[in-house]
$ cat data.cif   # mmCIF, C-alpha atoms and all ligand atoms
data_data
loop_
_atom_site.group_PDB
_atom_site.id
_atom_site.type_symbol
_atom_site.label_atom_id
_atom_site.label_comp_id
_atom_site.auth_asym_id
_atom_site.auth_seq_id
_atom_site.Cartn_x
_atom_site.Cartn_y
_atom_site.Cartn_z
ATOM 1 C CA MET A 1 0.000 0.000 0.000
ATOM 2 C CA LYS A 2 1.687 3.115 -1.332
ATOM 3 C CA GLU A 3 0.222 5.531 1.235
ATOM 4 C CA LEU A 4 1.532 3.391 4.102
ATOM 5 C CA GLN A 5 4.990 3.067 2.540
ATOM 6 C CA GLU A 6 5.155 6.863 2.216
ATOM 7 C CA LYS A 7 4.242 7.284 5.902
ATOM 8 C CA ILE A 8 6.923 4.798 6.928
ATOM 9 C CA LYS A 9 9.500 6.613 4.780
ATOM 10 C CA GLU A 10 8.507 9.991 6.182
ATOM 11 C CA TYR A 11 8.078 9.178 9.863
ATOM 12 C CA GLY A 12 9.631 5.761 10.563
ATOM 13 C CA THR A 13 12.847 5.506 12.537
ATOM 14 C CA VAL A 14 14.910 2.409 13.173
ATOM 15 C CA LEU A 15 15.792 1.374 16.731
ATOM 16 C CA PRO A 16 18.417 -1.165 17.803
ATOM 17 C CA GLY A 17 17.262 -4.770 17.441
ATOM 18 C CA ASN A 18 15.579 -4.243 14.065
ATOM 19 C CA VAL A 19 12.630 -2.397 15.569
ATOM 20 C CA LEU A 20 10.813 0.059 13.350
ATOM 21 C CA LYS A 21 9.374 2.927 15.355
ATOM 22 C CA VAL A 22 6.189 4.307 13.842
ATOM 23 C CA ASP A 23 4.837 6.196 16.844
ATOM 24 C CA ALA A 24 3.853 9.109 14.608
ATOM 25 C CA PHE A 25 0.920 7.285 12.989
ATOM 26 C CA LEU A 26 0.408 3.782 14.441
ATOM 27 C CA ASN A 27 1.916 2.953 17.840
ATOM 28 C CA HIS A 28 1.249 6.115 19.827
ATOM 29 C CA GLN A 29 -0.257 8.921 17.774
ATOM 30 C CA VAL A 30 -2.767 7.346 15.390
ATOM 31 C CA ASP A 31 -3.576 8.613 11.893
ATOM 32 C CA PRO A 32 -7.329 7.942 11.538
ATOM 33 C CA VAL A 33 -7.427 8.570 7.788
ATOM 34 C CA LEU A 34 -4.668 6.051 7.172
ATOM 35 C CA MET A 35 -6.399 3.579 9.560
ATOM 36 C CA LYS A 36 -9.631 3.963 7.598
ATOM 37 C CA HIS A 37 -7.881 3.294 4.291
ATOM 38 C CA MET A 38 -6.139 0.255 5.749
ATOM 39 C CA GLY A 39 -9.420 -1.086 7.109
ATOM 40 C CA LYS A 40 -10.960 -0.774 3.651
ATOM 41 C CA GLU A 41 -7.977 -2.514 2.090
ATOM 42 C CA PHE A 42 -8.170 -5.496 4.475
ATOM 43 C CA ALA A 43 -11.938 -5.655 3.883
ATOM 44 C CA LYS A 44 -11.330 -5.759 0.112
ATOM 45 C CA LEU A 45 -8.682 -8.473 0.406
ATOM 46 C CA TYR A 46 -10.912 -10.682 2.586
ATOM 47 C CA LYS A 47 -14.297 -9.790 1.109
ATOM 48 C CA ASP A 48 -15.084 -13.336 -0.058
ATOM 49 C CA ALA A 49 -13.605 -15.129 2.964
ATOM 50 C CA GLY A 50 -16.782 -15.308 5.049
ATOM 51 C CA VAL A 51 -15.296 -13.374 7.972
ATOM 52 C CA THR A 52 -17.665 -13.018 10.955
ATOM 53 C CA LYS A 53 -15.284 -11.488 13.505
ATOM 54 C CA ILE A 54 -11.965 -9.678 13.768
ATOM 55 C CA TRP A 55 -9.436 -10.616 16.439
ATOM 56 C CA THR A 56 -6.401 -8.595 17.436
ATOM 57 C CA VAL A 57 -4.110 -8.176 20.449
ATOM 58 C CA GLU A 58 -4.107 -4.994 22.506
ATOM 59 C CA SER A 59 -2.981 -2.371 22.027
ATOM 60 C CA SER A 60 -1.599 -1.233 18.691
ATOM 61 C CA GLY A 61 -3.632 -3.690 16.648
ATOM 62 C CA ILE A 62 -6.875 -2.147 17.867
ATOM 63 C CA ALA A 63 -6.995 0.880 15.557
ATOM 64 C CA PRO A 64 -6.552 -1.012 12.249
ATOM 65 C CA ALA A 65 -8.746 -3.854 13.564
ATOM 66 C CA VAL A 66 -11.640 -1.547 14.407
ATOM 67 C CA MET A 67 -11.454 0.109 10.996
ATOM 68 C CA THR A 68 -11.485 -3.317 9.344
ATOM 69 C CA GLY A 69 -14.465 -4.350 11.469
ATOM 70 C CA LEU A 70 -16.238 -1.175 10.421
ATOM 71 C CA ALA A 71 -15.537 -1.811 6.737
ATOM 72 C CA MET A 72 -16.641 -5.465 7.005
ATOM 73 C CA ASN A 73 -19.509 -4.781 9.401
ATOM 74 C CA VAL A 74 -18.364 -7.391 11.918
ATOM 75 C CA PRO A 75 -17.421 -7.140 15.633
ATOM 76 C CA VAL A 76 -13.849 -6.776 16.816
ATOM 77 C CA ILE A 77 -12.301 -8.551 19.807
ATOM 78 C CA PHE A 78 -8.959 -7.504 21.206
ATOM 79 C CA ALA A 79 -7.216 -10.126 23.293
ATOM 80 C CA ARG A 80 -6.358 -8.657 26.698
ATOM 81 C CA LYS A 81 -2.812 -8.807 27.969
ATOM 82 C CA HIS A 82 -3.641 -8.359 31.632
ATOM 83 C CA LYS A 83 -6.307 -10.021 33.647
ATOM 84 C CA SER A 84 -8.627 -7.504 35.213
ATOM 85 C CA LEU A 85 -11.522 -7.495 37.624
ATOM 86 C CA THR A 86 -13.865 -7.456 34.682
ATOM 87 C CA LEU A 87 -12.130 -10.237 32.756
ATOM 88 C CA LYS A 88 -11.409 -13.183 35.030
ATOM 89 C CA ASP A 89 -13.319 -16.325 34.307
ATOM 90 C CA ASP A 90 -14.085 -18.464 31.316
ATOM 91 C CA LEU A 91 -11.152 -17.336 29.263
ATOM 92 C CA TYR A 92 -9.200 -18.810 26.422
ATOM 93 C CA THR A 93 -5.542 -17.969 27.022
ATOM 94 C CA ALA A 94 -2.189 -18.321 25.281
ATOM 95 C CA SER A 95 1.369 -17.222 26.054
ATOM 96 C CA VAL A 96 2.936 -14.664 23.749
ATOM 97 C CA TYR A 97 6.548 -13.525 23.836
ATOM 98 C CA SER A 98 6.725 -9.828 23.030
ATOM 99 C CA TYR A 99 9.359 -8.951 20.484
ATOM 100 C CA THR A 100 9.679 -5.321 21.508
ATOM 101 C CA LYS A 101 9.212 -5.672 25.270
ATOM 102 C CA GLU A 102 11.184 -8.927 25.632
ATOM 103 C CA THR A 103 8.640 -10.299 28.091
ATOM 104 C CA THR A 104 6.059 -13.075 27.938
ATOM 105 C CA ASN A 105 2.413 -12.099 28.319
ATOM 106 C CA GLN A 106 -0.684 -14.181 28.732
ATOM 107 C CA ILE A 107 -3.274 -13.082 26.200
ATOM 108 C CA SER A 108 -6.924 -13.799 26.945
ATOM 109 C CA ILE A 109 -10.220 -13.797 25.116
ATOM 110 C CA SER A 110 -13.490 -14.293 26.959
ATOM 111 C CA LYS A 111 -15.425 -17.403 25.931
ATOM 112 C CA LYS A 112 -18.529 -15.254 26.047
ATOM 113 C CA TYR A 113 -17.608 -13.586 22.763
ATOM 114 C CA VAL A 114 -16.453 -16.694 20.923
ATOM 115 C CA SER A 115 -18.765 -18.935 18.979
ATOM 116 C CA PRO A 116 -17.794 -22.140 17.166
ATOM 117 C CA THR A 117 -19.501 -20.769 14.052
ATOM 118 C CA ASP A 118 -17.096 -17.807 13.929
ATOM 119 C CA LYS A 119 -14.670 -17.343 11.075
ATOM 120 C CA VAL A 120 -12.051 -14.915 12.268
ATOM 121 C CA LEU A 121 -9.644 -12.525 10.601
ATOM 122 C CA LEU A 122 -6.537 -11.842 12.708
ATOM 123 C CA ILE A 123 -5.249 -8.277 12.489
ATOM 124 C CA ASP A 124 -1.996 -6.953 13.928
ATOM 125 C CA ASP A 125 0.257 -3.941 13.573
ATOM 126 C CA PHE A 126 3.513 -5.846 12.984
ATOM 127 C CA LEU A 127 4.590 -9.339 12.032
ATOM 128 C CA ALA A 128 8.118 -10.206 13.135
ATOM 129 C CA ASN A 129 8.684 -13.703 14.503
ATOM 130 C CA GLY A 130 5.017 -14.603 14.515
ATOM 131 C CA GLN A 131 4.441 -14.996 18.266
ATOM 132 C CA ALA A 132 1.395 -12.740 18.441
ATOM 133 C CA LEU A 133 -0.305 -14.504 15.517
ATOM 134 C CA GLU A 134 0.608 -17.894 16.963
ATOM 135 C CA GLY A 135 -1.017 -16.948 20.266
ATOM 136 C CA MET A 136 -4.246 -16.032 18.502
ATOM 137 C CA LEU A 137 -4.072 -19.220 16.403
ATOM 138 C CA GLN A 138 -3.711 -21.280 19.588
ATOM 139 C CA ILE A 139 -6.823 -19.675 21.009
ATOM 140 C CA ALA A 140 -8.713 -20.252 17.761
ATOM 141 C CA GLN A 141 -7.719 -23.903 17.822
ATOM 142 C CA ALA A 142 -8.732 -24.328 21.466
ATOM 143 C CA ALA A 143 -12.072 -22.670 20.699
ATOM 144 C CA GLY A 144 -12.644 -24.706 17.539
ATOM 145 C CA VAL A 145 -12.916 -21.496 15.535
ATOM 146 C CA GLU A 146 -12.004 -21.273 11.862
ATOM 147 C CA VAL A 147 -9.377 -18.699 10.816
ATOM 148 C CA ALA A 148 -9.833 -16.940 7.468
ATOM 149 C CA GLY A 149 -6.326 -15.478 7.568
ATOM 150 C CA ALA A 150 -4.309 -12.583 8.899
ATOM 151 C CA GLY A 151 -4.050 -8.930 7.957
ATOM 152 C CA ILE A 152 -0.804 -7.255 8.951
ATOM 153 C CA VAL A 153 0.002 -3.574 8.713
ATOM 154 C CA ILE A 154 3.802 -3.966 8.547
ATOM 155 C CA GLU A 155 5.486 -7.311 7.955
ATOM 156 C CA LYS A 156 9.238 -7.507 8.458
ATOM 157 C CA THR A 157 9.965 -10.164 5.861
ATOM 158 C CA PHE A 158 13.583 -10.558 7.004
ATOM 159 C CA GLN A 159 12.236 -12.154 10.190
ATOM 160 C CA LYS A 160 10.839 -15.658 10.176
ATOM 161 C CA GLY A 161 7.191 -15.326 11.262
ATOM 162 C CA GLY A 162 5.553 -14.752 7.880
ATOM 163 C CA GLN A 163 7.403 -17.507 6.099
ATOM 164 C CA GLU A 164 6.775 -20.086 8.814
ATOM 165 C CA LEU A 165 3.091 -19.331 9.236
ATOM 166 C CA ARG A 166 2.462 -19.292 5.465
ATOM 167 C CA LYS A 167 4.187 -22.676 5.292
ATOM 168 C CA GLN A 168 1.643 -23.915 7.841
ATOM 169 C CA GLY A 169 -1.098 -22.802 5.443
ATOM 170 C CA LEU A 170 -2.116 -19.481 6.994
ATOM 171 C CA ARG A 171 -3.145 -16.809 4.501
ATOM 172 C CA ILE A 172 -1.329 -13.585 5.409
ATOM 173 C CA GLU A 173 -1.919 -10.248 3.689
ATOM 174 C CA SER A 174 0.516 -7.480 4.619
ATOM 175 C CA LEU A 175 0.015 -3.866 3.590
ATOM 176 C CA ALA A 176 3.728 -3.052 3.764
ATOM 177 C CA LYS A 177 6.535 -5.570 3.522
ATOM 178 C CA VAL A 178 9.831 -4.362 4.910
ATOM 179 C CA SER A 179 12.714 -6.465 3.633
ATOM 180 C CA SER A 180 15.486 -4.684 5.513
ATOM 181 C CA LEU A 181 16.097 -2.098 8.206
ATOM 182 C CA ALA A 182 19.861 -2.044 7.662
ATOM 183 C CA ASN A 183 21.684 1.270 8.050
ATOM 184 C CA GLY A 184 18.653 2.848 9.648
ATOM 185 C CA LYS A 185 16.594 2.703 6.452
ATOM 186 C CA ALA A 186 13.454 0.746 5.599
ATOM 187 C CA GLU A 187 13.619 -1.124 2.285
ATOM 188 C CA PHE A 188 10.380 -2.427 0.821
ATOM 189 C CA GLU A 189 9.393 -5.563 -1.031
ATOM 190 C CA ASP A 190 6.511 -5.291 -3.503
HETATM 191 P P1 LIG A 201 5.903 -11.113 16.595
HETATM 192 O O1 LIG A 201 4.957 -11.637 17.632
HETATM 193 O O2 LIG A 201 5.444 -11.390 15.171
HETATM 194 O O3 LIG A 201 7.328 -11.509 16.823
HETATM 195 O O4 LIG A 201 5.907 -9.551 16.761
HETATM 196 C C1 LIG A 201 4.722 -8.845 16.578
HETATM 197 C C2 LIG A 201 4.435 -7.924 17.723
HETATM 198 O O5 LIG A 201 5.614 -7.309 18.232
HETATM 199 C C3 LIG A 201 3.544 -6.812 17.229
HETATM 200 O O6 LIG A 201 2.279 -6.981 17.806
HETATM 201 C C4 LIG A 201 4.207 -5.535 17.674
HETATM 202 O O7 LIG A 201 3.552 -5.051 18.824
HETATM 203 C C5 LIG A 201 5.604 -5.918 18.076
HETATM 204 N N1 LIG A 201 6.631 -5.590 17.057
HETATM 205 C C6 LIG A 201 7.406 -6.475 16.384
HETATM 206 N N2 LIG A 201 8.297 -5.850 15.610
HETATM 207 C C7 LIG A 201 8.068 -4.529 15.773
HETATM 208 C C8 LIG A 201 8.678 -3.351 15.222
HETATM 209 O O8 LIG A 201 9.631 -3.383 14.423
HETATM 210 N N3 LIG A 201 8.169 -2.162 15.626
HETATM 211 C C9 LIG A 201 7.132 -2.052 16.505
HETATM 212 N N4 LIG A 201 6.719 -0.832 16.819
HETATM 213 N N5 LIG A 201 6.535 -3.140 17.055
HETATM 214 C C10 LIG A 201 7.011 -4.366 16.695
#

$ encode --input "data.cif" --output "structure tokens"
Amino acid sequence: MKELQEKIKEYGTVLPGNVLKVDAFLNHQVDPVLMKHMGKEFAKLYKDAGVTKIWTVESSGIAPAVMTGLAMNVPVIFARKHKSLTLKDDLYTASVYSYTKETTNQISISKKYVSPTDKVLLIDDFLANGQALEGMLQIAQAAGVEVAGAGIVIEKTFQKGGQELRKQGLRIESLAKVSSLANGKAEFED
């Protein structure tokens, strides 16, 4: 997606450890117009996939996920990273190692909002080693829910997640594919 590539070129900075910082439009300040366009794009890519629900992981996946849900007219669930007073029982959970925070989190989705007839689209802001998607896939498997595929805002194709999950048969659509962050510069793959 050209518009997204331009934003990355204009505002993206590269941090140690091959981390792309896009706080200007995705991970802290959010660009609603870009989010809306991305939601429409994911909706177009998955229009014939029979999607009934969008799943993401809090927090940076929420903005593109909500815009996709709006474009597809389906509800959005964000897996919670912390148990709270309001989310305690009857949960599906999975462990997810966070690439940027270098910690392991439990992610949880309430059974109340999961139905075996669901067909879910997994949305996330980044795909690096695939841990976040794997966590959601584990929950889908435990819940007996079908997965239509994944929609990723920025895939770092030089890391192994995308390749491994596609090999397992998961459909993954990424709006920007970054093939390198060497020398502080994002290179794109078409
Ligand atoms: P994975 O689970 O695929 O290894 O990493 C995906 C998660 O880690 C995303 O949900 C995102 O929060 C975070 N992440 C991975 N790589 C980057 C990056 O280069 N920049 C930012 N801002 N977040 C990243």

$ resolve_selection --input "data.cif" --expression "the PyMOL selection byres (((chain A and resi 43-49) around 8) and not hetatm)" --output "list in words"
Gly39, Lys40, Glu41, Phe42, Gly50, Val51, Thr68, Ala71, Met72, Ala148 and Glu173 of chain A

$ closest_atom_pairs --input "data.cif" --of "chain A" --to "ligand LIG 201 (chain A)" --cutoff "6 Å" --atoms "only C-alpha atoms and all ligand atoms" --output "tab-separated table"
residue	atom	partner	partner_atom	distance
A:Val19	CA	A:LIG201	O8	3.4
A:Leu20	CA	A:LIG201	O8	3.8
A:Lys21	CA	A:LIG201	N4	4.8
A:Val22	CA	A:LIG201	N4	6.0
A:Ser98	CA	A:LIG201	O5	5.5
A:Tyr99	CA	A:LIG201	O5	4.7
A:Thr100	CA	A:LIG201	C5	5.4
A:Asp124	CA	A:LIG201	O6	5.8
A:Asp125	CA	A:LIG201	O6	5.6
A:Phe126	CA	A:LIG201	C3	4.4
A:Leu127	CA	A:LIG201	O2	3.8
A:Ala128	CA	A:LIG201	O2	3.6
A:Asn129	CA	A:LIG201	O3	3.5
A:Gly130	CA	A:LIG201	O2	3.3
A:Gln131	CA	A:LIG201	O1	3.5
A:Ala132	CA	A:LIG201	O1	3.8
A:Gly161	CA	A:LIG201	O2	5.8

$ write_last_selection --input "data.cif" --atoms "C-alpha atoms" --output "CSV table (one decimal), in the frame of the given file"
chain,number,residue,atom,x,y,z
A,19,VAL,CA,12.6,-2.4,15.6
A,20,LEU,CA,10.8,0.1,13.4
A,21,LYS,CA,9.4,2.9,15.4
A,22,VAL,CA,6.2,4.3,13.8
A,98,SER,CA,6.7,-9.8,23.0
A,99,TYR,CA,9.4,-9.0,20.5
A,100,THR,CA,9.7,-5.3,21.5
A,124,ASP,CA,-2.0,-7.0,13.9
A,125,ASP,CA,0.3,-3.9,13.6
A,126,PHE,CA,3.5,-5.8,13.0
A,127,LEU,CA,4.6,-9.3,12.0
A,128,ALA,CA,8.1,-10.2,13.1
A,129,ASN,CA,8.7,-13.7,14.5
A,130,GLY,CA,5.0,-14.6,14.5
A,131,GLN,CA,4.4,-15.0,18.3
A,132,ALA,CA,1.4,-12.7,18.4
A,161,GLY,CA,7.2,-15.3,11.3

$ atom_distance --input "data.cif" --atom1 "atom CA of Glu189 of chain A" --atom2 "atom CA of Thr103 of chain A"
29.5 Å

$ closest_residue --input "data.cif" --among "A:Tyr113, A:Leu137, A:Lys119, A:Val14" --to "Gly169 of chain A" --atoms "all atoms listed in the file"
A:Leu137

$ atom_distance --input "data.cif" --atom1 "atom CA of Met1 of chain A" --atom2 "atom CA of Ala63 of chain A"
17.1 Å

$ closest_residue --input "data.cif" --among "A:Gln163, A:Ser110, A:Gln5, A:Asn73" --to "Leu175 of chain A" --atoms "only C-alpha atoms"
A:Gln5

$ closest_residue --input "data.cif" --among "A:Glu102, A:Ala140, A:Ala24, A:Glu187" --to "Ala79 of chain A" --atoms "all atoms listed in the file"
A:Ala140

$ atom_distance --input "data.cif" --atom1 "atom CA of Ile123 of chain A" --atom2 "atom CA of Ser180 of chain A"
22.2 Å

$ closest_residue --input "data.cif" --among "A:Ala186, A:Val57, A:Leu121, A:Val33" --to "Glu10 of chain A" --atoms "all atoms listed in the file"
A:Ala186

$ residues_around --input "data.cif" --residues "Asp23 of chain A" --least-positions-apart "2" --cutoff "12 Å" --atoms "only C-alpha atoms" --output "PyMOL selection string"
chain A and resi 7-8+10-15+19-21+25-31+60+125

$ closest_residue --input "data.cif" --among "A:Ala150, A:Leu170, A:Val76, A:Val96" --to "Gly135 of chain A" --atoms "all atoms listed in the file"
A:Val96

$ residues_around --input "data.cif" --residues "Gln106 of chain A" --least-positions-apart "3" --cutoff "6 Å" --atoms "all atoms listed in the file" --output "list in words"
Lys81, Ala94 and Ser95 of chain A

$ write_last_selection --input "data.cif" --atoms "C-alpha atoms" --output "compact mmCIF listing (two decimals), keeping the file's coordinate frame"
# COMPACT_ATOMS: atom_id res chain seq x y z
CA LYS A 81 -2.81 -8.81 27.97
CA ALA A 94 -2.19 -18.32 25.28
CA SER A 95 1.37 -17.22 26.05
